[in-house]
$ cat query_31.cif   # mmCIF, N, CA and C atoms
data_my_file
loop_
_atom_site.label_atom_id
_atom_site.label_comp_id
_atom_site.auth_asym_id
_atom_site.auth_seq_id
_atom_site.Cartn_x
_atom_site.Cartn_y
_atom_site.Cartn_z
N MET I 7 -30.90 -33.69 -20.88
CA MET I 7 -31.12 -32.99 -19.63
C MET I 7 -29.94 -33.19 -18.68
N LYS I 8 -29.36 -34.43 -18.69
CA LYS I 8 -28.24 -34.70 -17.81
C LYS I 8 -27.04 -33.83 -18.19
N LYS I 9 -26.85 -33.58 -19.48
CA LYS I 9 -25.73 -32.77 -19.94
C LYS I 9 -25.87 -31.33 -19.44
N ILE I 10 -27.04 -30.77 -19.49
CA ILE I 10 -27.28 -29.40 -19.01
C ILE I 10 -27.05 -29.34 -17.50
N THR I 11 -27.55 -30.33 -16.78
CA THR I 11 -27.35 -30.38 -15.33
C THR I 11 -25.87 -30.47 -15.00
N SER I 12 -25.14 -31.28 -15.76
CA SER I 12 -23.70 -31.44 -15.55
C SER I 12 -22.96 -30.13 -15.80
N ILE I 13 -23.33 -29.41 -16.85
CA ILE I 13 -22.69 -28.12 -17.18
C ILE I 13 -22.99 -27.11 -16.08
N ILE I 14 -24.23 -27.04 -15.63
CA ILE I 14 -24.60 -26.10 -14.58
C ILE I 14 -23.85 -26.41 -13.30
N LEU I 15 -23.75 -27.70 -12.95
CA LEU I 15 -23.04 -28.11 -11.74
C LEU I 15 -21.55 -27.74 -11.85
N THR I 16 -20.96 -27.94 -13.02
CA THR I 16 -19.56 -27.58 -13.23
C THR I 16 -19.36 -26.07 -13.06
N ILE I 17 -20.24 -25.28 -13.60
CA ILE I 17 -20.15 -23.82 -13.47
C ILE I 17 -20.26 -23.41 -12.01
N ILE I 18 -21.20 -24.01 -11.28
CA ILE I 18 -21.37 -23.69 -9.87
C ILE I 18 -20.12 -24.04 -9.09
N VAL I 19 -19.54 -25.21 -9.33
CA VAL I 19 -18.33 -25.62 -8.64
C VAL I 19 -17.19 -24.66 -8.95
N LEU I 20 -17.01 -24.26 -10.20
CA LEU I 20 -15.95 -23.33 -10.57
C LEU I 20 -16.13 -21.98 -9.88
N VAL I 21 -17.35 -21.49 -9.83
CA VAL I 21 -17.61 -20.21 -9.17
C VAL I 21 -17.32 -20.31 -7.68
N ILE I 22 -17.74 -21.38 -7.04
CA ILE I 22 -17.50 -21.53 -5.60
C ILE I 22 -16.01 -21.60 -5.31
N PHE I 23 -15.27 -22.43 -6.05
CA PHE I 23 -13.84 -22.55 -5.79
C PHE I 23 -13.10 -21.27 -6.14
N GLY I 24 -13.56 -20.57 -7.17
CA GLY I 24 -12.95 -19.28 -7.50
C GLY I 24 -13.11 -18.29 -6.36
N CYS I 25 -14.29 -18.23 -5.77
CA CYS I 25 -14.53 -17.33 -4.64
C CYS I 25 -13.70 -17.74 -3.43
N GLU I 26 -13.60 -19.03 -3.15
CA GLU I 26 -12.81 -19.48 -2.01
C GLU I 26 -11.36 -19.08 -2.17
N LYS I 27 -10.82 -19.19 -3.37
CA LYS I 27 -9.43 -18.81 -3.58
C LYS I 27 -9.23 -17.33 -3.30
N GLU I 28 -10.15 -16.49 -3.77
CA GLU I 28 -10.05 -15.06 -3.50
C GLU I 28 -10.17 -14.78 -2.01
N LYS I 29 -11.06 -15.48 -1.32
CA LYS I 29 -11.21 -15.28 0.12
C LYS I 29 -9.92 -15.66 0.85
N GLU I 30 -9.31 -16.80 0.44
CA GLU I 30 -8.07 -17.22 1.07
C GLU I 30 -6.98 -16.19 0.86
N SER I 31 -6.89 -15.67 -0.35
CA SER I 31 -5.87 -14.67 -0.66
C SER I 31 -6.07 -13.43 0.20
N GLY I 32 -7.31 -12.96 0.31
CA GLY I 32 -7.59 -11.79 1.13
C GLY I 32 -7.33 -12.05 2.60
N ALA I 33 -7.59 -13.28 3.04
CA ALA I 33 -7.38 -13.61 4.45
C ALA I 33 -5.91 -13.51 4.83
N ASN I 34 -5.01 -13.77 3.90
CA ASN I 34 -3.57 -13.65 4.18
C ASN I 34 -3.19 -12.21 4.50
N CYS I 35 -3.97 -11.27 4.03
CA CYS I 35 -3.66 -9.86 4.21
C CYS I 35 -4.28 -9.29 5.50
N THR I 36 -5.25 -9.98 6.05
CA THR I 36 -5.95 -9.48 7.23
C THR I 36 -4.98 -9.26 8.38
N GLY I 37 -5.06 -8.09 8.96
CA GLY I 37 -4.23 -7.78 10.12
C GLY I 37 -2.86 -7.22 9.78
N GLU I 38 -2.42 -7.35 8.54
CA GLU I 38 -1.08 -6.88 8.17
C GLU I 38 -1.00 -5.36 8.16
N SER I 39 -2.12 -4.67 7.93
CA SER I 39 -2.08 -3.21 7.84
C SER I 39 -1.57 -2.57 9.13
N ARG I 40 -1.83 -3.20 10.28
CA ARG I 40 -1.35 -2.63 11.55
C ARG I 40 0.15 -2.79 11.74
N LEU I 41 0.78 -3.59 10.87
CA LEU I 41 2.22 -3.82 10.95
C LEU I 41 3.01 -2.92 10.00
N VAL I 42 2.28 -2.05 9.29
CA VAL I 42 2.91 -1.13 8.33
C VAL I 42 2.88 0.28 8.90
N GLY I 43 3.97 1.00 8.75
CA GLY I 43 4.00 2.37 9.25
C GLY I 43 4.84 3.28 8.37
N VAL I 44 4.63 4.56 8.53
CA VAL I 44 5.41 5.58 7.85
C VAL I 44 5.89 6.56 8.90
N SER I 45 7.17 6.90 8.84
CA SER I 45 7.69 7.93 9.74
C SER I 45 8.37 8.99 8.89
N HIS I 46 8.51 10.18 9.46
CA HIS I 46 9.15 11.26 8.72
C HIS I 46 9.96 12.14 9.67
N THR I 47 10.98 12.75 9.11
CA THR I 47 11.80 13.72 9.85
C THR I 47 12.19 14.83 8.88
N ALA I 48 12.36 16.02 9.43
CA ALA I 48 12.83 17.15 8.61
C ALA I 48 14.35 17.05 8.51
N SER I 49 14.85 17.42 7.37
CA SER I 49 16.30 17.45 7.18
C SER I 49 16.90 18.51 8.10
N PRO I 50 18.04 18.24 8.73
CA PRO I 50 18.64 19.25 9.61
C PRO I 50 19.14 20.48 8.84
N ASN I 51 19.38 20.32 7.53
CA ASN I 51 19.90 21.43 6.72
C ASN I 51 18.82 22.23 6.02
N ASP I 52 17.62 21.65 5.87
CA ASP I 52 16.54 22.33 5.14
C ASP I 52 15.22 21.85 5.72
N SER I 53 14.53 22.71 6.44
CA SER I 53 13.29 22.31 7.12
C SER I 53 12.16 21.96 6.16
N LYS I 54 12.30 22.33 4.89
CA LYS I 54 11.28 22.01 3.89
C LYS I 54 11.55 20.65 3.23
N GLN I 55 12.71 20.07 3.47
CA GLN I 55 12.99 18.73 2.96
C GLN I 55 12.62 17.72 4.04
N ILE I 56 11.65 16.88 3.70
CA ILE I 56 11.16 15.88 4.65
C ILE I 56 11.60 14.49 4.17
N ASN I 57 12.18 13.74 5.09
CA ASN I 57 12.64 12.38 4.80
C ASN I 57 11.59 11.39 5.32
N PHE I 58 11.19 10.46 4.46
CA PHE I 58 10.15 9.48 4.79
C PHE I 58 10.74 8.07 4.78
N VAL I 59 10.24 7.22 5.69
CA VAL I 59 10.65 5.82 5.73
C VAL I 59 9.41 4.96 6.00
N VAL I 60 9.25 3.91 5.19
CA VAL I 60 8.18 2.93 5.41
C VAL I 60 8.77 1.79 6.23
N SER I 61 8.03 1.36 7.25
CA SER I 61 8.47 0.22 8.05
C SER I 61 7.40 -0.86 8.00
N TYR I 62 7.83 -2.10 8.14
CA TYR I 62 6.91 -3.23 8.15
C TYR I 62 7.50 -4.28 9.08
N SER I 63 6.70 -4.75 10.04
CA SER I 63 7.21 -5.70 11.02
C SER I 63 6.57 -7.09 10.90
N GLY I 64 5.92 -7.36 9.78
CA GLY I 64 5.28 -8.66 9.58
C GLY I 64 6.20 -9.66 8.90
N SER I 65 5.65 -10.81 8.56
CA SER I 65 6.45 -11.89 8.00
C SER I 65 6.32 -12.02 6.49
N GLN I 66 5.45 -11.24 5.86
CA GLN I 66 5.29 -11.34 4.42
C GLN I 66 6.37 -10.52 3.72
N SER I 67 6.54 -10.75 2.42
CA SER I 67 7.58 -10.01 1.69
C SER I 67 7.04 -8.65 1.25
N VAL I 68 7.84 -7.61 1.48
CA VAL I 68 7.47 -6.25 1.12
C VAL I 68 7.95 -5.98 -0.30
N ASP I 69 7.04 -5.50 -1.15
CA ASP I 69 7.45 -5.07 -2.48
C ASP I 69 8.21 -3.76 -2.31
N ASN I 70 9.29 -3.62 -2.99
CA ASN I 70 10.19 -2.49 -2.76
C ASN I 70 9.68 -1.19 -3.39
N SER I 71 8.59 -1.23 -4.10
CA SER I 71 8.05 -0.05 -4.77
C SER I 71 6.96 0.59 -3.91
N VAL I 72 7.07 1.91 -3.68
CA VAL I 72 6.09 2.64 -2.88
C VAL I 72 5.56 3.80 -3.71
N LYS I 73 4.23 3.97 -3.72
CA LYS I 73 3.62 5.13 -4.38
C LYS I 73 3.42 6.20 -3.33
N TRP I 74 3.91 7.40 -3.61
CA TRP I 74 3.84 8.52 -2.66
C TRP I 74 2.99 9.63 -3.22
N ASP I 75 2.03 10.10 -2.42
CA ASP I 75 1.29 11.33 -2.69
C ASP I 75 1.67 12.27 -1.55
N PHE I 76 2.46 13.29 -1.86
CA PHE I 76 3.01 14.15 -0.82
C PHE I 76 2.03 15.22 -0.33
N GLY I 77 0.83 15.26 -0.92
CA GLY I 77 -0.23 16.13 -0.41
C GLY I 77 -0.09 17.59 -0.76
N ASP I 78 0.85 17.91 -1.65
CA ASP I 78 1.06 19.32 -2.00
C ASP I 78 0.74 19.62 -3.46
N GLY I 79 0.05 18.70 -4.12
CA GLY I 79 -0.34 18.92 -5.50
C GLY I 79 0.67 18.43 -6.53
N THR I 80 1.83 17.98 -6.10
CA THR I 80 2.79 17.42 -7.05
C THR I 80 2.30 16.04 -7.50
N ASP I 81 2.81 15.58 -8.62
CA ASP I 81 2.40 14.28 -9.15
C ASP I 81 2.73 13.16 -8.17
N ILE I 82 1.91 12.12 -8.18
CA ILE I 82 2.20 10.92 -7.39
C ILE I 82 3.46 10.29 -7.95
N GLN I 83 4.35 9.91 -7.06
CA GLN I 83 5.63 9.34 -7.47
C GLN I 83 5.72 7.89 -7.02
N THR I 84 6.27 7.05 -7.88
CA THR I 84 6.58 5.68 -7.51
C THR I 84 8.07 5.61 -7.28
N VAL I 85 8.45 5.19 -6.08
CA VAL I 85 9.85 5.14 -5.68
C VAL I 85 10.21 3.68 -5.41
N ASN I 86 11.30 3.22 -5.98
CA ASN I 86 11.73 1.83 -5.79
C ASN I 86 12.62 1.69 -4.57
N SER I 87 12.11 2.14 -3.45
CA SER I 87 12.83 2.09 -2.19
C SER I 87 11.80 2.29 -1.08
N LEU I 88 12.13 1.85 0.12
CA LEU I 88 11.24 2.07 1.25
C LEU I 88 11.49 3.42 1.92
N SER I 89 12.41 4.19 1.38
CA SER I 89 12.66 5.54 1.91
C SER I 89 12.79 6.52 0.75
N THR I 90 12.42 7.76 1.03
CA THR I 90 12.53 8.82 0.04
C THR I 90 12.52 10.16 0.77
N ASN I 91 12.69 11.23 0.03
CA ASN I 91 12.53 12.56 0.61
C ASN I 91 11.77 13.43 -0.38
N HIS I 92 11.23 14.51 0.13
CA HIS I 92 10.46 15.44 -0.70
C HIS I 92 10.71 16.85 -0.18
N ILE I 93 10.90 17.77 -1.09
CA ILE I 93 11.10 19.17 -0.73
C ILE I 93 9.80 19.92 -1.01
N TYR I 94 9.23 20.49 0.04
CA TYR I 94 8.00 21.28 -0.08
C TYR I 94 8.37 22.71 -0.42
N SER I 95 7.50 23.35 -1.21
CA SER I 95 7.79 24.72 -1.63
C SER I 95 7.37 25.75 -0.58
N GLY I 96 6.53 25.35 0.37
CA GLY I 96 6.08 26.29 1.39
C GLY I 96 5.76 25.58 2.69
N SER I 97 5.43 26.37 3.67
CA SER I 97 5.08 25.84 4.99
C SER I 97 3.63 25.40 5.02
N GLY I 98 3.30 24.54 5.99
CA GLY I 98 1.92 24.11 6.16
C GLY I 98 1.86 22.68 6.63
N THR I 99 0.64 22.19 6.75
CA THR I 99 0.42 20.80 7.10
C THR I 99 -0.11 20.07 5.88
N PHE I 100 0.51 18.95 5.55
CA PHE I 100 0.20 18.19 4.34
C PHE I 100 -0.16 16.76 4.72
N ASN I 101 -1.18 16.23 4.04
CA ASN I 101 -1.58 14.84 4.26
C ASN I 101 -0.86 13.98 3.23
N VAL I 102 0.15 13.25 3.70
CA VAL I 102 0.95 12.39 2.83
C VAL I 102 0.35 11.00 2.83
N LYS I 103 0.28 10.39 1.65
CA LYS I 103 -0.23 9.02 1.54
C LYS I 103 0.85 8.16 0.88
N ALA I 104 1.22 7.08 1.56
CA ALA I 104 2.15 6.10 1.01
C ALA I 104 1.36 4.82 0.76
N THR I 105 1.45 4.29 -0.44
CA THR I 105 0.78 3.03 -0.77
C THR I 105 1.85 1.98 -1.01
N ILE I 106 1.81 0.94 -0.18
CA ILE I 106 2.78 -0.14 -0.31
C ILE I 106 2.04 -1.44 -0.58
N THR I 107 2.77 -2.39 -1.15
CA THR I 107 2.19 -3.70 -1.42
C THR I 107 3.09 -4.79 -0.83
N LEU I 108 2.45 -5.90 -0.55
CA LEU I 108 3.15 -7.08 -0.03
C LEU I 108 2.91 -8.25 -0.98
N ASN I 109 3.82 -9.20 -0.97
CA ASN I 109 3.66 -10.45 -1.72
C ASN I 109 3.36 -10.22 -3.20
N ASP I 110 4.20 -9.45 -3.86
CA ASP I 110 4.05 -9.17 -5.29
C ASP I 110 2.68 -8.63 -5.65
N GLY I 111 2.19 -7.69 -4.84
CA GLY I 111 0.94 -7.02 -5.13
C GLY I 111 -0.30 -7.69 -4.57
N GLU I 112 -0.14 -8.79 -3.85
CA GLU I 112 -1.30 -9.50 -3.31
C GLU I 112 -2.05 -8.66 -2.29
N CYS I 113 -1.32 -7.92 -1.47
CA CYS I 113 -1.93 -7.06 -0.46
C CYS I 113 -1.47 -5.63 -0.72
N SER I 114 -2.35 -4.68 -0.57
CA SER I 114 -2.00 -3.28 -0.79
C SER I 114 -2.55 -2.44 0.36
N TYR I 115 -1.73 -1.53 0.87
CA TYR I 115 -2.13 -0.69 1.99
C TYR I 115 -1.76 0.76 1.71
N SER I 116 -2.64 1.65 2.09
CA SER I 116 -2.35 3.08 2.03
C SER I 116 -2.28 3.61 3.45
N ILE I 117 -1.21 4.31 3.73
CA ILE I 117 -1.01 4.87 5.06
C ILE I 117 -0.99 6.37 4.94
N ASP I 118 -1.80 7.07 5.74
CA ASP I 118 -1.82 8.53 5.76
C ASP I 118 -0.94 9.02 6.89
N GLU I 119 -0.19 10.07 6.62
CA GLU I 119 0.70 10.66 7.60
C GLU I 119 0.57 12.18 7.49
N ALA I 120 0.19 12.83 8.57
CA ALA I 120 0.12 14.30 8.57
C ALA I 120 1.53 14.84 8.78
N VAL I 121 1.96 15.73 7.90
CA VAL I 121 3.30 16.30 7.96
C VAL I 121 3.19 17.82 8.07
N THR I 122 3.81 18.38 9.09
CA THR I 122 3.85 19.84 9.25
C THR I 122 5.23 20.32 8.85
N VAL I 123 5.24 21.21 7.86
CA VAL I 123 6.49 21.77 7.34
C VAL I 123 6.61 23.20 7.83
N GLN I 124 7.75 23.53 8.41
CA GLN I 124 7.99 24.88 8.94
C GLN I 124 8.52 25.81 7.86
#
$ encode --input "query_31.cif" --output "structure tokens"
Amino acid sequence: MKKITSIILTIIVLVIFGCEKEKESGANCTGESRLVGVSHTASPNDSKQINFVVSYSGSQSVDNSVKWDFGDGTDIQTVNSLSTNHIYSGSGTFNVKATITLNDGECSYSIDEAVTVQ
């Protein structure tokens, strides 16, 4: 009976510490989303070419890879830079989503940006 109690207690301790570690990891990400932003500008030579830049003003390390959904039905692109551009085929307003990660994927944020193309 003592052996079963010992095994159950060990399992409970492992589960509790496993949850605490996940909570600690998530806590490091709390509040960082407000420090992440996306800005865009139209190219002066082509109004359908939009230039995007991701900014981050926090203290954690930014992973250099950004997933972009440009909102126009094109495939999601992974870009190994905090800036990129996209050429839209027509005018309209598009909901762009940039997904960035911090600390080697520990924290992940998606930022929506409404873009109006002339």
$ residues_around --input "query_31.cif" --residues "segment 52-57 of chain I" --least-positions-apart "6" --cutoff "5 Å" --atoms "all atoms listed in the file" --output "PDB file with N, CA and C atoms, keeping the file's coordinate frame"
ATOM      1  N   HIS I  46       8.510  10.180   9.460  1.00  0.00           N
ATOM      2  CA  HIS I  46       9.150  11.260   8.720  1.00  0.00           C
ATOM      3  C   HIS I  46       9.960  12.140   9.670  1.00  0.00           C
ATOM      4  N   THR I  90      12.420   7.760   1.030  1.00  0.00           N
ATOM      5  CA  THR I  90      12.530   8.820   0.040  1.00  0.00           C
ATOM      6  C   THR I  90      12.520  10.160   0.770  1.00  0.00           C
ATOM      7  N   ASN I  91      12.690  11.230   0.030  1.00  0.00           N
ATOM      8  CA  ASN I  91      12.530  12.560   0.610  1.00  0.00           C
ATOM      9  C   ASN I  91      11.770  13.430  -0.380  1.00  0.00           C
ATOM     10  N   HIS I  92      11.230  14.510   0.130  1.00  0.00           N
ATOM     11  CA  HIS I  92      10.460  15.440  -0.700  1.00  0.00           C
ATOM     12  C   HIS I  92      10.710  16.850  -0.180  1.00  0.00           C
ATOM     13  N   ILE I  93      10.900  17.770  -1.090  1.00  0.00           N
ATOM     14  CA  ILE I  93      11.100  19.170  -0.730  1.00  0.00           C
ATOM     15  C   ILE I  93       9.800  19.920  -1.010  1.00  0.00           C
ATOM     16  N   TYR I  94       9.230  20.490   0.040  1.00  0.00           N
ATOM     17  CA  TYR I  94       8.000  21.280  -0.080  1.00  0.00           C
ATOM     18  C   TYR I  94       8.370  22.710  -0.420  1.00  0.00           C
TER      19      TYR I  94
END
$ closest_residue --input "query_31.cif" --among "I:Thr47, I:Gly77, I:Ser71, I:Gln83" --to "Lys103 of chain I" --atoms "all atoms listed in the file"
I:Gly77
$ resolve_selection --input "query_31.cif" --expression "the PyMOL selection byres (((chain I and resi 65 and name CA) around 12) and name CA)" --output "list in words"
Asn34, Cys35, Gly37, Glu38, Leu41, Val42, Tyr62, Ser63, Gly64, Gln66, Ser67, Val68, Leu108 and Asn109 of chain I
$ resolve_selection --input "query_31.cif" --expression "the PyMOL selection byres ((chain I and resi 100) around 8)" --output "number ranges by chain"
I: 75-78, 97-99, 101-103, 119-123
$ closest_residue --input "query_31.cif" --among "I:Pro50, I:Gln124, I:Asp81, I:Val72" --to "Thr107 of chain I" --atoms "only C-alpha atoms"
I:Val72
$ atom_distance --input "query_31.cif" --atom1 "atom N of Arg40 of chain I" --atom2 "atom CA of Tyr115 of chain I"
8.7 Å
$ closest_residue --input "query_31.cif" --among "I:Ser95, I:Gly43, I:Thr36, I:Val59" --to "Gly79 of chain I" --atoms "only C-alpha atoms"
I:Ser95
$ closest_residue --input "query_31.cif" --among "I:Ser89, I:Asn70, I:Ser61, I:Asn51" --to "Ser39 of chain I" --atoms "only C-alpha atoms"
I:Ser61
$ atom_distance --input "query_31.cif" --atom1 "atom CA of Thr105 of chain I" --atom2 "atom C of Ser49 of chain I"
24.0 Å
$ decode --input "query_31.cif" --residues "segment 83-105 of chain I" --atoms "C-alpha atoms" --output "tab-separated table (two decimals), in the first residue's frame"
chain	number	residue	atom	x	y	z
I	83	GLN	CA	4.21	33.81	-46.14
I	84	THR	CA	6.98	33.35	-43.61
I	85	VAL	CA	9.55	36.12	-43.94
I	86	ASN	CA	12.89	36.02	-42.14
I	87	SER	CA	12.89	39.74	-41.48
I	88	LEU	CA	10.89	42.24	-39.46
I	89	SER	CA	10.01	44.11	-42.66
I	90	THR	CA	8.51	43.07	-45.97
I	91	ASN	CA	6.35	44.38	-48.79
I	92	HIS	CA	3.38	43.03	-50.69
I	93	ILE	CA	1.87	44.04	-54.01
I	94	TYR	CA	-1.92	43.91	-54.10
I	95	SER	CA	-3.65	43.17	-57.38
I	96	GLY	CA	-6.53	45.58	-56.74
I	97	SER	CA	-7.85	48.35	-54.57
I	98	GLY	CA	-9.71	47.85	-51.32
I	99	THR	CA	-9.33	47.43	-47.60
I	100	PHE	CA	-7.51	44.30	-46.44
I	101	ASN	CA	-7.11	42.85	-42.96
I	102	VAL	CA	-3.42	41.99	-42.64
I	103	LYS	CA	-2.27	39.67	-39.86
I	104	ALA	CA	1.36	39.46	-38.75
I	105	THR	CA	2.30	36.68	-36.33
